[in-house]
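Next comes input_16.txt, a file with compact mmCIF, N, CA and C atoms.
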```txt
# COMPACT_ATOMS: atom_id res chain seq x y z
N MET Z 1 0.84 -1.18 0.00
CA MET Z 1 0.00 0.00 0.00
C MET Z 1 0.89 1.25 0.00
N PRO Z 2 0.53 2.23 -0.81
CA PRO Z 2 1.34 3.45 -0.85
C PRO Z 2 1.13 4.29 0.40
N THR Z 3 2.16 5.02 0.75
CA THR Z 3 2.09 5.97 1.86
C THR Z 3 1.95 7.37 1.29
N LEU Z 4 0.94 8.10 1.74
CA LEU Z 4 0.70 9.46 1.29
C LEU Z 4 1.40 10.42 2.25
N ALA Z 5 2.27 11.27 1.73
CA ALA Z 5 2.99 12.25 2.55
C ALA Z 5 2.43 13.64 2.28
N VAL Z 6 2.43 14.47 3.31
CA VAL Z 6 1.93 15.85 3.21
C VAL Z 6 3.01 16.79 3.70
N SER Z 7 3.27 17.85 2.93
CA SER Z 7 4.23 18.87 3.37
C SER Z 7 3.73 20.24 2.93
N GLN Z 8 4.04 21.23 3.74
CA GLN Z 8 3.64 22.61 3.40
C GLN Z 8 4.64 23.15 2.39
N THR Z 9 4.12 23.71 1.29
CA THR Z 9 5.00 24.22 0.23
C THR Z 9 4.98 25.73 0.15
N GLY Z 10 4.08 26.36 0.84
CA GLY Z 10 3.97 27.81 0.83
C GLY Z 10 2.96 28.23 1.87
N THR Z 11 2.70 29.50 1.94
CA THR Z 11 1.75 30.01 2.92
C THR Z 11 0.36 29.45 2.70
N ASN Z 12 -0.02 29.28 1.44
CA ASN Z 12 -1.39 28.86 1.12
C ASN Z 12 -1.48 27.55 0.36
N THR Z 13 -0.41 26.76 0.34
CA THR Z 13 -0.45 25.50 -0.41
C THR Z 13 0.24 24.38 0.38
N VAL Z 14 -0.21 23.16 0.08
CA VAL Z 14 0.44 21.97 0.61
C VAL Z 14 0.67 21.01 -0.55
N MET Z 15 1.66 20.12 -0.39
CA MET Z 15 1.95 19.14 -1.41
C MET Z 15 1.67 17.76 -0.85
N LEU Z 16 0.89 16.98 -1.59
CA LEU Z 16 0.65 15.58 -1.28
C LEU Z 16 1.52 14.77 -2.22
N SER Z 17 2.21 13.77 -1.71
CA SER Z 17 3.09 12.99 -2.57
C SER Z 17 3.10 11.52 -2.16
N TRP Z 18 3.40 10.68 -3.13
CA TRP Z 18 3.54 9.25 -2.92
C TRP Z 18 4.45 8.73 -4.02
N PRO Z 19 5.05 7.54 -3.83
CA PRO Z 19 6.02 7.04 -4.80
C PRO Z 19 5.46 6.94 -6.21
N GLU Z 20 6.26 7.36 -7.18
CA GLU Z 20 5.87 7.31 -8.59
C GLU Z 20 5.67 5.87 -9.07
N SER Z 21 6.38 4.94 -8.45
CA SER Z 21 6.27 3.53 -8.85
C SER Z 21 4.91 2.93 -8.51
N ILE Z 22 4.16 3.60 -7.63
CA ILE Z 22 2.82 3.15 -7.27
C ILE Z 22 1.84 3.71 -8.31
N THR Z 23 1.24 2.85 -9.09
CA THR Z 23 0.34 3.30 -10.15
C THR Z 23 -1.08 2.79 -9.91
N GLY Z 24 -2.03 3.41 -10.59
CA GLY Z 24 -3.41 2.97 -10.54
C GLY Z 24 -4.21 3.52 -9.37
N PHE Z 25 -3.69 4.53 -8.68
CA PHE Z 25 -4.39 5.11 -7.55
C PHE Z 25 -4.88 6.52 -7.88
N ALA Z 26 -5.99 6.90 -7.28
CA ALA Z 26 -6.55 8.25 -7.42
C ALA Z 26 -6.54 8.92 -6.05
N LEU Z 27 -6.34 10.22 -6.04
CA LEU Z 27 -6.31 11.01 -4.82
C LEU Z 27 -7.70 11.56 -4.53
N GLN Z 28 -8.16 11.38 -3.28
CA GLN Z 28 -9.48 11.85 -2.88
C GLN Z 28 -9.38 12.65 -1.59
N ALA Z 29 -10.41 13.49 -1.33
CA ALA Z 29 -10.45 14.33 -0.13
C ALA Z 29 -11.83 14.25 0.52
N LYS Z 30 -11.83 14.56 1.83
CA LYS Z 30 -13.08 14.55 2.60
C LYS Z 30 -12.89 15.47 3.80
N ALA Z 31 -13.91 16.24 4.15
CA ALA Z 31 -13.79 17.22 5.23
C ALA Z 31 -13.95 16.60 6.62
N THR Z 32 -14.64 15.47 6.72
CA THR Z 32 -14.85 14.84 8.02
C THR Z 32 -14.85 13.33 7.86
N LEU Z 33 -14.34 12.64 8.86
CA LEU Z 33 -14.36 11.19 8.82
C LEU Z 33 -15.60 10.61 9.49
N SER Z 34 -16.41 11.47 10.09
CA SER Z 34 -17.61 10.98 10.78
C SER Z 34 -18.73 10.59 9.82
N ASP Z 35 -18.65 11.01 8.56
CA ASP Z 35 -19.65 10.64 7.56
C ASP Z 35 -19.26 9.29 6.97
N PRO Z 36 -20.03 8.23 7.24
CA PRO Z 36 -19.65 6.91 6.75
C PRO Z 36 -19.92 6.69 5.26
N ASN Z 37 -20.59 7.62 4.60
CA ASN Z 37 -20.94 7.48 3.20
C ASN Z 37 -19.69 7.52 2.32
N PRO Z 38 -19.39 6.44 1.60
CA PRO Z 38 -18.21 6.45 0.72
C PRO Z 38 -18.27 7.53 -0.35
N ALA Z 39 -19.48 7.95 -0.74
CA ALA Z 39 -19.62 8.99 -1.77
C ALA Z 39 -19.18 10.36 -1.26
N ALA Z 40 -18.96 10.50 0.06
CA ALA Z 40 -18.51 11.77 0.61
C ALA Z 40 -17.06 12.07 0.23
N TRP Z 41 -16.31 11.05 -0.17
CA TRP Z 41 -14.95 11.27 -0.68
C TRP Z 41 -15.07 11.82 -2.09
N VAL Z 42 -14.36 12.91 -2.37
CA VAL Z 42 -14.42 13.53 -3.70
C VAL Z 42 -13.03 13.53 -4.33
N PRO Z 43 -12.97 13.43 -5.65
CA PRO Z 43 -11.66 13.46 -6.32
C PRO Z 43 -10.96 14.80 -6.12
N VAL Z 44 -9.65 14.74 -5.93
CA VAL Z 44 -8.83 15.95 -5.90
C VAL Z 44 -8.49 16.25 -7.35
N THR Z 45 -8.82 17.47 -7.79
CA THR Z 45 -8.66 17.82 -9.21
C THR Z 45 -7.32 18.46 -9.55
N ALA Z 46 -6.47 18.64 -8.56
CA ALA Z 46 -5.14 19.24 -8.83
C ALA Z 46 -4.35 18.33 -9.76
N PRO Z 47 -3.58 18.92 -10.67
CA PRO Z 47 -2.75 18.09 -11.55
C PRO Z 47 -1.71 17.33 -10.74
N ILE Z 48 -1.39 16.13 -11.19
CA ILE Z 48 -0.38 15.31 -10.53
C ILE Z 48 0.85 15.27 -11.42
N ALA Z 49 1.97 15.69 -10.85
CA ALA Z 49 3.23 15.72 -11.60
C ALA Z 49 4.18 14.66 -11.04
N GLN Z 50 5.04 14.14 -11.90
CA GLN Z 50 6.06 13.19 -11.46
C GLN Z 50 7.37 13.95 -11.34
N VAL Z 51 7.90 14.02 -10.11
CA VAL Z 51 9.12 14.77 -9.83
C VAL Z 51 10.00 13.94 -8.89
N ASN Z 52 11.24 13.69 -9.31
CA ASN Z 52 12.22 12.99 -8.47
C ASN Z 52 11.67 11.70 -7.88
N GLY Z 53 10.98 10.91 -8.69
CA GLY Z 53 10.49 9.61 -8.25
C GLY Z 53 9.21 9.66 -7.43
N LEU Z 54 8.55 10.83 -7.39
CA LEU Z 54 7.32 10.97 -6.62
C LEU Z 54 6.19 11.49 -7.51
N ASN Z 55 4.98 11.04 -7.23
CA ASN Z 55 3.78 11.70 -7.74
C ASN Z 55 3.50 12.84 -6.78
N GLN Z 56 3.26 14.04 -7.31
CA GLN Z 56 3.04 15.21 -6.45
C GLN Z 56 1.82 16.00 -6.92
N ALA Z 57 1.00 16.38 -5.94
CA ALA Z 57 -0.15 17.25 -6.20
C ALA Z 57 -0.05 18.43 -5.23
N VAL Z 58 0.00 19.65 -5.76
CA VAL Z 58 0.04 20.85 -4.93
C VAL Z 58 -1.38 21.39 -4.89
N ILE Z 59 -1.90 21.55 -3.66
CA ILE Z 59 -3.28 21.96 -3.48
C ILE Z 59 -3.36 23.16 -2.54
N PRO Z 60 -4.44 23.92 -2.61
CA PRO Z 60 -4.61 25.04 -1.68
C PRO Z 60 -4.78 24.53 -0.25
N ALA Z 61 -4.18 25.23 0.68
CA ALA Z 61 -4.37 24.89 2.09
C ALA Z 61 -5.78 25.31 2.49
N THR Z 62 -6.42 24.53 3.33
CA THR Z 62 -7.77 24.85 3.78
C THR Z 62 -7.72 25.46 5.18
N THR Z 63 -8.76 26.17 5.54
CA THR Z 63 -8.83 26.76 6.88
C THR Z 63 -9.32 25.75 7.90
N GLY Z 64 -9.99 24.70 7.46
CA GLY Z 64 -10.48 23.67 8.37
C GLY Z 64 -9.73 22.37 8.14
N THR Z 65 -10.21 21.34 8.78
CA THR Z 65 -9.61 20.02 8.64
C THR Z 65 -9.97 19.42 7.29
N GLN Z 66 -9.01 18.76 6.69
CA GLN Z 66 -9.24 18.07 5.42
C GLN Z 66 -8.49 16.74 5.48
N PHE Z 67 -9.11 15.67 5.05
CA PHE Z 67 -8.51 14.35 5.03
C PHE Z 67 -8.29 13.94 3.58
N TYR Z 68 -7.22 13.19 3.34
CA TYR Z 68 -6.89 12.74 1.99
C TYR Z 68 -6.60 11.25 2.01
N ARG Z 69 -6.87 10.62 0.88
CA ARG Z 69 -6.53 9.20 0.76
C ARG Z 69 -6.24 8.88 -0.70
N LEU Z 70 -5.55 7.76 -0.89
CA LEU Z 70 -5.35 7.20 -2.21
C LEU Z 70 -6.26 6.00 -2.32
N ILE Z 71 -6.95 5.89 -3.45
CA ILE Z 71 -7.87 4.77 -3.66
C ILE Z 71 -7.51 4.12 -4.99
N LEU Z 72 -7.51 2.79 -4.99
CA LEU Z 72 -7.19 2.05 -6.20
C LEU Z 72 -8.31 2.23 -7.21
N ASN Z 73 -7.92 2.65 -8.43
CA ASN Z 73 -8.91 2.82 -9.50
C ASN Z 73 -9.38 1.49 -10.03
```
For this file, write the structure as C-alpha cells.
Amino acid sequence: MPTLAVSQTGTNTVMLSWPESITGFALQAKATLSDPNPAAWVPVTAPIAQVNGLNQAVIPATTGTQFYRLILN
C-alpha cells in the first residue's frame, strides 16, 4: 500500500506525494471522517506531476480540517 505524505509548500499551499512507482491510484479528499458514506470522498482535481520519483499534487491549504486518501482505480 502506498504511503501518502503531506508537506507545506507555501503560505497557502500543501503538497501531497507518494512514490511514482505506485500506479493505478486516485487522490481523494473529505472534510470529516464521521460521515460513513463512501460517496462523501471527492476526487482531488489538482494536476499530478512526477518529480524525483514521486507523484506530487500541490493543493490550496484549507482553513479547516481536510482528510486525503489514495484509492485504487
TODO: Could you jot down the atom CA of Z:Val51 to atom CA of Z:Ile71 separation for me, Å, one decimal place?
DONE: 20.7 Å
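The coordinates place atom CA of Z:Pro36 at 25.0 Å from atom CA of Z:Pro60.
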Open item on the list: To one decimal place in Å, what is the distance between atom CA of Z:Thr23 and atom C of Z:Val44?
Closed with: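 Atom C of Z:Val44 lies 15.9 Å from atom CA of Z:Thr23.
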- [ ] If you run DSSP over the backbone, which residues in chain Z end up strand (DSSP E or B)? Put them as a ChimeraX atom specification.
- [x] /Z:5-8,13-19,25-30,42-43,48-51,54-60,67-72
Where's the centre, and what are the edge lengths in Å to one decimal, of a box along x, y and z enclosing all listed atoms of stretch 4-18 of chain Z padded 8 Å per side, as AutoDock Vina command-line options?
```
--center_x 1.8 --center_y 19.1 --center_z -0.1 --size_x 22.5 --size_y 37.9 --size_z 23.8
```
- [ ] Tell me, as a VMD selection string, which residues lie within 8 Å of Z:Ala61, counting all atoms listed in the file; anything in the same chain fewer than 2 positions away does not count.
- [x] chain Z and resid 10 to 15 58 to 59 63 to 64
TODO: Kindly indicate which residue among Z:Val42, Z:Leu70, Z:Ala49, Z:Leu54 lies nearest to Z:Pro19, using only N, CA and C atoms for the distances.
DONE: Z:Leu54
Task: Best match for closeness to Z:Ala31 among Z:Asn73, Z:Ala5, Z:Trp18, Z:Thr62, counting only C-alpha atoms - done: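 Distance minimum relative to Z:Ala31 lands on Z:Thr62.
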Open item on the list: With distances taken over only C-alpha atoms, which residue among Z:Thr3, Z:Gln28, Z:Gln56, Z:Ser34 lies nearest Z:Leu16?
Closed with: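 Closest residue, counting only C-alpha atoms: Z:Gln56.
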- [ ] Name the closest residue to Z:Ser7 among the candidates Z:Ala57, Z:Asn37, Z:Leu27, Z:Arg69; distances are taken between atoms, counting only C-alpha atoms.
- [x]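 When distances to Z:Ser7 are compared using only C-alpha atoms, the smallest one comes from Z:Ala57.
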Task: Best match for closeness to Z:Pro2 among Z:Pro38, Z:Phe25, Z:Thr45, Z:Lys30, counting only C-alpha atoms - done: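 Closest to Z:Pro2, using only C-alpha atoms: Z:Phe25.
Compared by their closest atoms to Z:Gln66, and using all atoms listed in the file, the residues Z:Pro43, Z:Gln50, Z:Ala29, Z:Asp35 rank with Z:Ala29 nearest.
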